[in-house]
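run-v4.csv (CSV, C-alpha atoms and all ligand atoms) appears below.
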```csv
chain,number,residue,atom,x,y,z
Z,1,MET,CA,115.2,108.2,46.6
Z,2,PHE,CA,111.6,109.4,45.9
Z,3,ALA,CA,111.6,107.6,42.5
Z,4,ARG,CA,112.8,104.4,44.1
Z,5,ALA,CA,110.2,104.6,46.8
Z,6,LEU,CA,107.5,105.2,44.3
Z,7,ILE,CA,108.5,102.3,42.1
Z,8,PHE,CA,108.8,100.1,45.2
Z,9,ALA,CA,105.3,101.2,46.2
Z,10,VAL,CA,103.7,100.6,42.9
Z,11,VAL,CA,105.4,97.2,42.3
Z,12,LEU,CA,104.5,95.9,45.7
Z,13,GLY,CA,101.0,97.5,46.0
Z,14,VAL,CA,101.9,99.7,48.9
Z,15,THR,CA,99.4,102.6,48.8
Z,16,SER,CA,99.5,105.7,50.9
Z,17,SER,CA,96.3,104.8,52.8
Z,18,GLN,CA,98.0,101.7,54.2
Z,19,THR,CA,101.0,103.7,55.4
Z,20,ASP,CA,99.5,107.0,56.4
Z,21,THR,CA,98.2,106.0,59.8
Z,22,PRO,CA,101.1,105.2,62.0
Z,23,LEU,CA,101.3,101.6,63.4
Z,24,ARG,CA,101.2,103.1,67.0
Z,25,THR,CA,97.8,104.7,66.3
Z,26,LEU,CA,96.4,101.4,64.8
Z,27,ALA,CA,97.8,99.4,67.7
Z,28,GLU,CA,96.4,101.8,70.3
Z,29,ALA,CA,92.9,101.2,68.9
Z,30,ARG,CA,93.4,97.5,69.5
Z,31,GLY,CA,94.8,98.0,73.0
Z,32,LYS,CA,98.2,96.7,72.1
Z,33,LEU,CA,101.7,98.2,72.2
Z,34,ILE,CA,103.8,98.2,69.1
Z,35,GLY,CA,107.5,98.3,69.9
Z,36,THR,CA,110.9,98.2,68.4
Z,37,ALA,CA,114.4,97.5,69.7
Z,38,VAL,CA,116.5,100.6,69.4
Z,39,ASP,CA,120.2,100.9,68.4
Z,40,THR,CA,121.1,103.9,70.6
Z,41,THR,CA,124.0,104.9,68.3
Z,42,ALA,CA,121.8,105.2,65.3
Z,43,LEU,CA,119.3,107.1,67.5
Z,44,VAL,CA,121.9,109.8,67.9
Z,45,THR,CA,123.4,109.8,64.4
Z,46,ASP,CA,120.5,109.1,62.1
Z,47,ARG,CA,117.6,111.6,62.0
Z,48,GLY,CA,115.4,109.5,59.8
Z,49,TYR,CA,115.8,106.6,62.2
Z,50,ARG,CA,114.9,108.7,65.2
Z,51,GLU,CA,111.8,110.3,63.5
Z,52,THR,CA,110.5,106.9,62.3
Z,53,ILE,CA,110.7,105.5,65.8
Z,54,ALA,CA,108.9,108.5,67.3
Z,55,ARG,CA,106.1,108.3,64.6
Z,56,THR,CA,105.7,104.6,64.4
Z,57,PHE,CA,106.1,102.9,67.8
Z,58,SER,CA,104.5,103.2,71.2
Z,59,SER,CA,107.2,101.2,73.0
Z,60,VAL,CA,111.0,100.9,72.8
Z,61,THR,CA,113.4,98.2,74.0
Z,62,PRO,CA,117.2,99.0,74.2
Z,63,GLU,CA,118.9,96.6,71.8
Z,64,ASN,CA,122.1,96.5,73.9
Z,65,VAL,CA,122.5,99.4,76.3
Z,66,MET,CA,120.8,97.8,79.4
Z,67,LYS,CA,122.8,94.6,79.1
Z,68,TRP,CA,125.3,94.0,81.9
Z,69,GLU,CA,128.4,94.4,79.8
Z,70,ARG,CA,127.2,97.9,79.0
Z,71,VAL,CA,125.9,99.1,82.3
Z,72,GLU,CA,128.8,97.8,84.4
Z,73,HIS,CA,131.8,97.4,82.1
Z,74,VAL,CA,134.1,98.2,85.0
Z,75,ARG,CA,133.2,96.5,88.2
Z,76,GLY,CA,131.5,98.8,90.7
Z,77,VAL,CA,131.3,101.7,88.1
Z,78,PRO,CA,127.8,101.7,86.8
Z,79,ASP,CA,127.2,103.6,83.5
Z,80,TYR,CA,123.6,104.1,82.6
Z,81,THR,CA,124.2,107.1,80.3
Z,82,ALA,CA,123.0,105.6,77.0
Z,83,ALA,CA,120.1,103.8,78.6
Z,84,ASP,CA,119.0,106.9,80.4
Z,85,GLN,CA,119.0,108.8,77.1
Z,86,LEU,CA,116.7,106.2,75.5
Z,87,VAL,CA,114.4,106.5,78.5
Z,88,SER,CA,114.3,110.3,78.0
Z,89,PHE,CA,113.6,109.9,74.3
Z,90,ALA,CA,110.8,107.5,75.1
Z,91,LYS,CA,109.3,109.9,77.6
Z,92,ALA,CA,109.5,112.8,75.2
Z,93,ASN,CA,107.7,110.7,72.6
Z,94,ASN,CA,105.0,109.3,74.9
Z,95,GLN,CA,106.4,105.8,74.6
Z,96,LEU,CA,106.8,103.0,77.2
Z,97,VAL,CA,110.1,101.3,77.8
Z,98,ARG,CA,110.7,97.5,78.0
Z,99,GLY,CA,113.8,96.8,80.0
Z,100,HIS,CA,116.2,94.2,78.5
Z,101,THR,CA,117.7,92.2,80.1
Z,102,LEU,CA,118.9,91.6,83.7
Z,103,VAL,CA,120.0,87.9,83.7
Z,104,TRP,CA,121.5,86.4,80.6
Z,105,HIS,CA,124.5,84.2,79.8
Z,106,LYS,CA,125.6,86.5,77.0
Z,107,GLN,CA,126.9,90.1,77.0
Z,108,VAL,CA,128.2,89.9,80.6
Z,109,PRO,CA,131.3,91.9,81.5
Z,110,ASP,CA,134.7,90.4,81.2
Z,111,TRP,CA,135.5,90.9,84.8
Z,112,LEU,CA,132.6,88.6,85.7
Z,113,THR,CA,133.8,85.7,83.6
Z,114,SER,CA,137.5,86.0,84.2
Z,115,ALA,CA,137.6,86.4,88.0
Z,116,GLY,CA,137.2,82.8,89.0
Z,117,PHE,CA,134.2,83.5,91.3
Z,118,SER,CA,132.8,80.7,93.4
Z,119,GLY,CA,129.1,79.8,93.0
Z,120,GLU,CA,128.3,81.8,96.2
Z,121,ASP,CA,130.2,84.8,95.0
Z,122,LEU,CA,128.4,84.7,91.7
Z,123,ALA,CA,125.0,84.6,93.4
Z,124,ASP,CA,126.0,87.7,95.4
Z,125,VAL,CA,127.3,89.5,92.3
Z,126,LEU,CA,124.1,88.7,90.4
Z,127,ARG,CA,121.9,89.9,93.3
Z,128,SER,CA,123.8,93.2,93.4
Z,129,HIS,CA,123.5,93.6,89.6
Z,130,VAL,CA,119.8,92.9,89.5
Z,131,VAL,CA,119.0,95.1,92.5
Z,132,ASP,CA,121.2,98.0,91.3
Z,133,GLU,CA,120.0,98.1,87.8
Z,134,ALA,CA,116.3,97.5,88.6
Z,135,SER,CA,116.5,100.2,91.3
Z,136,HIS,CA,118.1,102.7,88.9
Z,137,PHE,CA,115.2,102.4,86.4
Z,138,ALA,CA,112.5,101.8,89.0
Z,139,GLY,CA,109.2,103.4,88.0
Z,140,GLN,CA,110.5,104.1,84.5
Z,141,LEU,CA,109.9,100.8,82.7
Z,142,TYR,CA,106.6,99.1,82.1
Z,143,ALA,CA,108.3,95.7,81.9
Z,144,TRP,CA,111.6,93.9,82.4
Z,145,ASP,CA,112.9,90.9,80.6
Z,146,VAL,CA,114.4,89.7,83.9
Z,147,VAL,CA,115.6,86.3,82.8
Z,148,ASN,CA,116.6,85.7,79.2
Z,149,GLU,CA,117.0,82.4,77.4
Z,150,PRO,CA,117.1,79.9,80.3
Z,151,PHE,CA,116.4,76.8,78.2
Z,152,ASN,CA,118.0,74.7,75.5
Z,153,ASP,CA,115.9,73.8,72.4
Z,154,ASP,CA,115.3,70.3,73.7
Z,155,GLY,CA,113.7,71.7,76.9
Z,156,THR,CA,116.6,71.0,79.2
Z,157,TRP,CA,118.1,73.8,81.3
Z,158,ARG,CA,120.8,75.8,79.6
Z,159,THR,CA,124.0,75.1,81.7
Z,160,SER,CA,124.8,78.8,81.8
Z,161,ILE,CA,127.0,80.6,84.3
Z,162,TRP,CA,123.9,81.2,86.4
Z,163,TYR,CA,122.6,77.7,86.3
Z,164,GLY,CA,126.1,76.5,87.2
Z,165,ALA,CA,126.3,78.8,90.2
Z,166,MET,CA,122.8,78.5,91.6
Z,167,GLY,CA,120.9,75.7,89.8
Z,168,THR,CA,117.4,76.4,88.6
Z,169,GLU,CA,116.8,78.7,91.6
Z,170,TYR,CA,118.5,81.6,89.9
Z,171,VAL,CA,115.3,82.3,88.0
Z,172,ALA,CA,113.0,82.6,91.1
Z,173,GLN,CA,115.7,84.6,93.0
Z,174,ALA,CA,116.2,87.0,90.1
Z,175,LEU,CA,112.4,87.6,89.9
Z,176,GLN,CA,112.2,88.3,93.6
Z,177,TRP,CA,115.2,90.7,93.6
Z,178,ALA,CA,113.7,92.5,90.7
Z,179,ARG,CA,110.3,92.8,92.3
Z,180,GLY,CA,111.8,94.2,95.5
Z,181,ALA,CA,113.8,96.8,93.5
Z,182,ASP,CA,111.0,97.8,91.1
Z,183,PRO,CA,107.5,96.8,92.3
Z,184,ALA,CA,105.8,98.5,89.3
Z,185,ALA,CA,107.5,96.8,86.4
Z,186,LYS,CA,105.9,93.6,84.9
Z,187,LEU,CA,108.5,90.9,85.3
Z,188,TYR,CA,109.1,88.5,82.4
Z,189,ILE,CA,111.0,85.4,81.3
Z,190,ASN,CA,112.0,85.7,77.6
Z,191,ASP,CA,113.2,83.1,75.2
Z,192,TYR,CA,113.5,82.1,71.5
Z,193,ASN,CA,112.2,79.0,69.7
Z,194,VAL,CA,109.3,79.0,72.2
Z,195,GLU,CA,106.7,80.3,69.7
Z,196,GLY,CA,105.2,77.0,68.8
Z,197,ILE,CA,104.2,74.2,71.2
Z,198,ASN,CA,107.4,72.2,71.4
Z,199,PRO,CA,109.7,70.7,74.1
Z,200,LYS,CA,111.3,74.1,74.8
Z,201,SER,CA,108.0,75.9,75.3
Z,202,ASP,CA,106.7,73.0,77.3
Z,203,ALA,CA,109.6,73.4,79.7
Z,204,LEU,CA,108.9,77.1,80.0
Z,205,TYR,CA,105.3,76.4,80.7
Z,206,THR,CA,106.1,73.9,83.4
Z,207,LEU,CA,108.5,76.4,85.0
Z,208,ALA,CA,106.0,79.2,84.8
Z,209,GLN,CA,103.3,77.0,86.5
Z,210,SER,CA,105.7,76.0,89.3
Z,211,LEU,CA,106.9,79.6,89.9
Z,212,LEU,CA,103.3,80.9,90.0
Z,213,ALA,CA,102.3,78.0,92.4
Z,214,ARG,CA,105.1,79.1,94.7
Z,215,GLY,CA,104.1,82.8,94.6
Z,216,VAL,CA,107.2,83.9,92.8
Z,217,PRO,CA,106.6,87.3,91.1
Z,218,LEU,CA,106.3,86.3,87.4
Z,219,ASP,CA,104.0,88.5,85.4
Z,220,GLY,CA,104.6,87.4,81.8
Z,221,ILE,CA,106.4,85.4,79.1
Z,222,GLY,CA,108.3,87.0,76.2
Z,223,PHE,CA,108.4,85.2,72.9
Z,224,GLN,CA,111.3,86.5,70.9
Z,225,ALA,CA,110.2,85.3,67.4
Z,226,HIS,CA,113.4,85.4,65.5
Z,227,LEU,CA,112.0,83.6,62.5
Z,228,THR,CA,112.7,82.9,58.8
Z,229,ALA,CA,110.5,83.8,55.8
Z,230,GLN,CA,111.2,80.3,54.5
Z,231,HIS,CA,109.8,78.3,57.4
Z,232,GLY,CA,106.9,80.6,58.2
Z,233,ALA,CA,105.2,81.2,61.5
Z,234,PRO,CA,104.6,78.2,63.8
Z,235,THR,CA,101.0,77.1,63.4
Z,236,THR,CA,100.6,76.5,67.1
Z,237,PHE,CA,101.6,80.1,68.1
Z,238,THR,CA,98.1,81.3,69.1
Z,239,ALA,CA,97.4,78.2,71.1
Z,240,ASN,CA,100.7,78.5,72.8
Z,241,LEU,CA,100.2,82.1,73.8
Z,242,GLN,CA,96.8,81.3,75.0
Z,243,ARG,CA,97.9,78.4,77.3
Z,244,PHE,CA,100.3,80.9,79.1
Z,245,ALA,CA,97.5,83.5,79.3
Z,246,ASP,CA,95.2,80.9,80.8
Z,247,ILE,CA,97.5,80.4,83.8
Z,248,GLY,CA,97.3,84.1,84.5
Z,249,LEU,CA,100.3,85.5,82.7
Z,250,ASP,CA,100.7,88.3,80.2
Z,251,VAL,CA,102.3,87.4,77.0
Z,252,ALA,CA,104.4,89.6,74.7
Z,253,ILE,CA,106.1,89.1,71.3
Z,254,THR,CA,109.4,90.7,72.1
Z,255,GLU,CA,111.9,90.5,69.3
Z,256,VAL,CA,110.3,89.8,65.9
Z,257,ASP,CA,112.5,89.6,62.8
Z,258,VAL,CA,111.9,87.4,59.8
Z,259,ARG,CA,115.1,86.8,57.9
Z,260,ILE,CA,115.4,86.1,54.2
Z,261,ALA,CA,118.2,84.2,52.4
Z,262,LEU,CA,119.8,87.0,50.4
Z,263,PRO,CA,119.2,88.3,47.9
Z,264,ALA,CA,115.6,89.2,48.7
Z,265,ASP,CA,113.0,89.1,45.9
Z,266,GLU,CA,109.3,89.7,45.6
Z,267,ASP,CA,108.3,86.2,46.6
Z,268,LYS,CA,110.5,86.1,49.7
Z,269,LEU,CA,109.3,89.6,50.7
Z,270,SER,CA,105.7,88.4,50.4
Z,271,LYS,CA,106.4,85.2,52.5
Z,272,GLN,CA,108.1,87.5,55.0
Z,273,ALA,CA,105.0,89.7,55.1
Z,274,ASP,CA,102.9,86.6,55.8
Z,275,VAL,CA,105.0,85.7,58.8
Z,276,TYR,CA,104.8,89.3,60.3
Z,277,ARG,CA,101.0,89.2,59.6
Z,278,ALA,CA,100.4,85.8,61.2
Z,279,LEU,CA,102.3,86.9,64.4
Z,280,MET,CA,100.2,90.0,64.7
Z,281,GLN,CA,97.0,88.0,64.2
Z,282,SER,CA,98.1,85.7,67.0
Z,283,CYS,CA,98.7,88.7,69.3
Z,284,LEU,CA,95.3,90.2,68.4
Z,285,ALA,CA,93.6,86.8,69.0
Z,286,VAL,CA,94.9,86.6,72.6
Z,287,ASP,CA,93.6,89.3,75.0
Z,288,ARG,CA,96.6,89.1,77.3
Z,289,CYS,CA,99.1,89.6,74.4
Z,290,VAL,CA,100.2,93.1,75.4
Z,291,SER,CA,102.8,94.0,72.9
Z,292,TYR,CA,104.3,93.2,69.5
Z,293,THR,CA,107.9,94.3,69.4
Z,294,VAL,CA,110.3,94.1,66.4
Z,295,TRP,CA,114.0,93.6,66.8
Z,296,GLY,CA,115.0,96.5,64.7
Z,297,PHE,CA,112.6,98.1,62.1
Z,298,THR,CA,114.9,99.0,59.2
Z,299,ASP,CA,117.3,96.8,57.2
Z,300,GLU,CA,119.8,99.7,57.6
Z,301,HIS,CA,120.3,98.9,61.3
Z,302,SER,CA,119.6,95.3,61.9
Z,303,TRP,CA,121.6,92.7,63.8
Z,304,VAL,CA,120.5,89.9,61.4
Z,305,PRO,CA,123.2,90.2,58.6
Z,306,HIS,CA,125.9,90.2,61.3
Z,307,ALA,CA,124.5,87.2,63.2
Z,308,PHE,CA,123.2,85.0,60.3
Z,309,ASN,CA,125.6,84.4,57.4
Z,310,GLY,CA,123.9,85.2,54.0
Z,311,GLN,CA,120.6,86.3,55.6
Z,312,GLY,CA,119.1,89.7,56.1
Z,313,ALA,CA,116.4,92.1,54.9
Z,314,ALA,CA,114.6,90.9,58.0
Z,315,THR,CA,112.7,94.1,59.1
Z,316,LEU,CA,109.6,96.2,58.3
Z,317,PHE,CA,111.4,99.0,56.4
Z,318,ASP,CA,114.2,98.8,53.7
Z,319,GLU,CA,117.5,100.7,54.1
Z,320,LEU,CA,116.0,103.9,52.9
Z,321,LEU,CA,113.1,103.7,55.4
Z,322,ASN,CA,110.5,102.8,52.8
Z,323,PRO,CA,107.9,100.5,54.2
Z,324,LYS,CA,108.1,96.9,52.9
Z,325,PRO,CA,105.2,94.5,52.3
Z,326,ALA,CA,105.8,93.3,55.9
Z,327,TYR,CA,104.9,96.8,57.2
Z,328,VAL,CA,101.7,96.8,55.2
Z,329,ALA,CA,100.8,93.4,56.4
Z,330,VAL,CA,101.2,94.5,60.0
Z,331,ALA,CA,99.2,97.7,59.4
Z,332,ASN,CA,96.5,95.7,57.7
Z,333,ALA,CA,96.3,93.1,60.4
Z,334,LEU,CA,96.0,95.9,63.0
Z,335,ALA,CA,93.3,97.6,61.0
Z,336,GLU,CA,91.3,94.4,60.5
Z,337,GLY,CA,91.5,93.3,64.1
Z,338,VAL,CA,90.8,89.7,65.3
Z,339,ILE,CA,89.8,87.4,62.4
Z,340,PRO,CA,86.8,85.4,63.6
Z,401,LIG,C1,121.5,91.1,70.0
Z,401,LIG,C2,121.7,92.5,69.4
Z,401,LIG,O1,120.7,92.8,68.5
Z,401,LIG,C3,123.1,92.6,68.8
Z,401,LIG,O2,123.3,94.0,68.5
Z,401,LIG,C4,124.1,92.1,69.8
Z,401,LIG,O3,125.4,92.1,69.2
Z,401,LIG,C5,123.8,90.7,70.3
Z,401,LIG,O4,122.5,90.7,70.8
Z,401,LIG,N1,118.1,87.6,71.7
Z,401,LIG,C6,118.1,88.7,72.6
Z,401,LIG,C7,118.8,90.0,72.2
Z,401,LIG,O5,117.5,88.6,73.6
Z,401,LIG,O6,119.3,90.6,73.3
Z,401,LIG,C8,119.8,89.8,71.1
Z,401,LIG,O7,120.2,91.1,70.7
Z,401,LIG,C9,119.2,89.0,70.0
Z,401,LIG,C10,118.8,87.6,70.4
```

How does the structure come out when it is put into structure tokens?
Amino acid sequence: MFARALIFAVVLGVTSSQTDTPLRTLAEARGKLIGTAVDTTALVTDRGYRETIARTFSSVTPENVMKWERVEHVRGVPDYTAADQLVSFAKANNQLVRGHTLVWHKQVPDWLTSAGFSGEDLADVLRSHVVDEASHFAGQLYAWDVVNEPFNDDGTWRTSIWYGAMGTEYVAQALQWARGADPAAKLYINDYNVEGINPKSDALYTLAQSLLARGVPLDGIGFQAHLTAQHGAPTTFTANLQRFADIGLDVAITEVDVRIALPADEDKLSKQADVYRALMQSCLAVDRCVSYTVWGFTDEHSWVPHAFNGQGAATLFDELLNPKPAYVAVANALAEGVIP
């Protein structure tokens, strides 16, 4: 393993000075959080995984265990065990926790979708869920992804279970319920394919403006950033972050991964590093960009190969927890700061 790490380091120009200072130390100097999604099963079983999170990141997001299907698998029987364990781990390691996610069309419990609820019932069930979960974690999370993925790529509303039940108002309602239950958490809407300026991010921007104008408690926008090495980072990302910041919102990069068409090679890894670097440079360039969170940090525990056929190697560290060029690119971007 050591030999492999050394060869890797030499071939790719990873020197110890670039990897000695943990990302969280570099990020702190820039006033940003650096976070990762956490697979809580790996957190229990894999010591290297655990130690790398503690050393490298200043914020954690539960990859799955705060989702509705996990916290209320059986109706009326809440189970926050795994999520509570992550919150304790974060506290012990002086890390903040980003809650993810209260209102989404995916990973909802079977009882919810199979019961034939009316629209009115669904609104009641959603309110209970948001209030119960946000109350359980009240005071322990710095932010909540309250609403996840409300739009289609063409900027129309996603006709989700929640849209079907409540129309567009489900977003404002969820934000209000969450604020009532946890006044301290920053409340976000989070989506993917909204990194560049495009019809989907335009729709999100219009929604954000109208919510703010009505006094709805919206504090920030999350940009997931599930990207490909091949297509690169959207060139309008900084400008897009800035336009949301300019209307008084925080912005956060919430789920970065940069997938590669397998097998990976040096060229693809270098393109991947460019994307990770560009995203960090955008965050550094926008004062109100509070955090840069990766959706998994090691290729050993990443959702990408399961979700995208033939693609993978999407994270900062390889399967053996050796830093990849992408890691060095993020470290260097943090060390350099804003590029004038
Ligand atoms: C993914 C998890 O990583 C997987 O383990 C799970 O099977 C499906 O969900 N956008 C989101 C995340 O907001 O919650 C998703 O996480 C990835 C896409």

Determine, counting only C-alpha atoms, which protein, DNA and RNA residues have an atom within 10 Å of an atom of Thr156 in chain Z; residues of the same chain fewer than 6 positions away are not included. Present the result as a VMD selection string. chain Z and resid 150 199 to 200 203 to 204

Using all atoms listed in the file, find each protein or nucleic acid residue lying at most 10 Å from ligand LIG 401 (chain Z); present the set as number ranges by chain. Z: 37-39, 61-67, 100-101, 104, 106-107, 145, 147-149, 190-192, 222-226, 254-257, 295-296, 301-304, 306-307

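CA of Val330 in chain Z sits 10.2 Å away from CA of Ile34 in chain Z.
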
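Compared by their closest atoms to Thr238 in chain Z, and using all atoms listed in the file, the residues Z:Asn309, Z:Ser160, Z:Gln95, Z:Gln281 rank with Z:Gln281 nearest.
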
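Excluding Ala239 in chain Z itself and same-chain residues fewer than 5 positions from it, the residues having an atom within 10 Å of it are Glu195, Gly196, Ile197, Phe244, Ala245, Ser282, Ala285 and Val286 of chain Z, counting only C-alpha atoms.
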
How would the residues just chosen look if you wrote them out with C-alpha atoms as an mmCIF file, keeping the file's coordinate frame?
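Here's the written file selection_36.cif:
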```
data_model
loop_
_atom_site.group_PDB
_atom_site.id
_atom_site.type_symbol
_atom_site.label_atom_id
_atom_site.label_comp_id
_atom_site.auth_asym_id
_atom_site.auth_seq_id
_atom_site.Cartn_x
_atom_site.Cartn_y
_atom_site.Cartn_z
ATOM 1 C CA GLU Z 195 106.700 80.300 69.700
ATOM 2 C CA GLY Z 196 105.200 77.000 68.800
ATOM 3 C CA ILE Z 197 104.200 74.200 71.200
ATOM 4 C CA PHE Z 244 100.300 80.900 79.100
ATOM 5 C CA ALA Z 245 97.500 83.500 79.300
ATOM 6 C CA SER Z 282 98.100 85.700 67.000
ATOM 7 C CA ALA Z 285 93.600 86.800 69.000
ATOM 8 C CA VAL Z 286 94.900 86.600 72.600
#
```

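Using only C-alpha atoms, the smallest distance between any of Z:Leu227, Z:Ala185, Z:Ile161, Z:Met166 and Gly99 in chain Z comes from Z:Ala185.
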
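For Val258 in chain Z, the non-local neighbours within 6 Å, defined as residues at least 3 positions apart in the same chain or in other chains and counting only C-alpha atoms, are Leu227, Thr228, Ala229 and Ala314 of chain Z.
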
Quick one: residues within 12 Å of Asp132 in chain Z, only C-alpha atoms counted, chain neighbours fewer than 6 positions away excluded, as a list in words? Met66, Trp68, Val71, Glu72, Gly76, Val77, Pro78, Asp79, Tyr80, Leu102, Val125, Leu126, Ala138, Trp177, Ala178, Gly180, Ala181 and Asp182 of chain Z

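Closest approach to Asp153 in chain Z among Z:Val294, Z:Asn94, Z:Ser210, Z:Val194: Z:Val194, based on only C-alpha atoms.
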
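Look at range 311-313 of chain Z: the protein and nucleic acid residues within 9 Å of it, using all atoms listed in the file and passing over chain neighbours fewer than 2 places away, are Val258, Arg259, Ile260, Ala261, Leu262, Pro263, Ala264, Leu269, Thr298, Asp299, Glu300, Ser302, Trp303, Val304, Pro305, His306, Ala307, Phe308, Asn309, Thr315, Leu316, Phe317, Asp318 and Glu319 of chain Z.
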
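Minimum distance to Gln176 in chain Z across Z:Leu141, Z:Ala92, Z:Met280, Z:Val130 (counting only C-alpha atoms) occurs at Z:Val130.
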
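Minimum atom-to-atom distances from Z:Ala54, Z:Val103, Z:Leu43, Z:Ile339 to Glu69 in chain Z were compared using all atoms listed in the file, and the lowest value belongs to Z:Val103.
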
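Proximity to Ala278 in chain Z was assessed for Z:Leu212, Z:Leu334, Z:Leu321, Z:Ile247 counting all atoms listed in the file; the smallest distance is recorded for Z:Leu334.
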
Find the nearest atom pair between each residue of range 211-303 of chain Z and range 322-325 of chain Z for residues within 12 Å, count only C-alpha atoms, give distances in Å to one decimal, sort rows by chain and ascending number, and present the table as a tab-separated table.
```
residue	atom	partner	partner_atom	distance
Z:Ala264	CA	Z:Lys324	CA	11.5
Z:Asp265	CA	Z:Pro325	CA	11.4
Z:Glu266	CA	Z:Pro325	CA	9.2
Z:Asp267	CA	Z:Pro325	CA	10.5
Z:Lys268	CA	Z:Pro325	CA	10.3
Z:Leu269	CA	Z:Pro325	CA	6.6
Z:Ser270	CA	Z:Pro325	CA	6.4
Z:Lys271	CA	Z:Pro325	CA	9.4
Z:Gln272	CA	Z:Pro325	CA	8.0
Z:Ala273	CA	Z:Pro325	CA	5.6
Z:Asp274	CA	Z:Pro325	CA	8.9
Z:Val275	CA	Z:Pro325	CA	10.9
Z:Tyr276	CA	Z:Pro325	CA	9.5
Z:Arg277	CA	Z:Pro325	CA	10.0
Z:Phe297	CA	Z:Pro323	CA	9.5
Z:Thr298	CA	Z:Asn322	CA	8.6
Z:Asp299	CA	Z:Asn322	CA	10.1
Z:Glu300	CA	Z:Asn322	CA	10.9
```

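Note that the spacing between CA of His129 in chain Z and CA of Ser291 in chain Z amounts to 26.6 Å.
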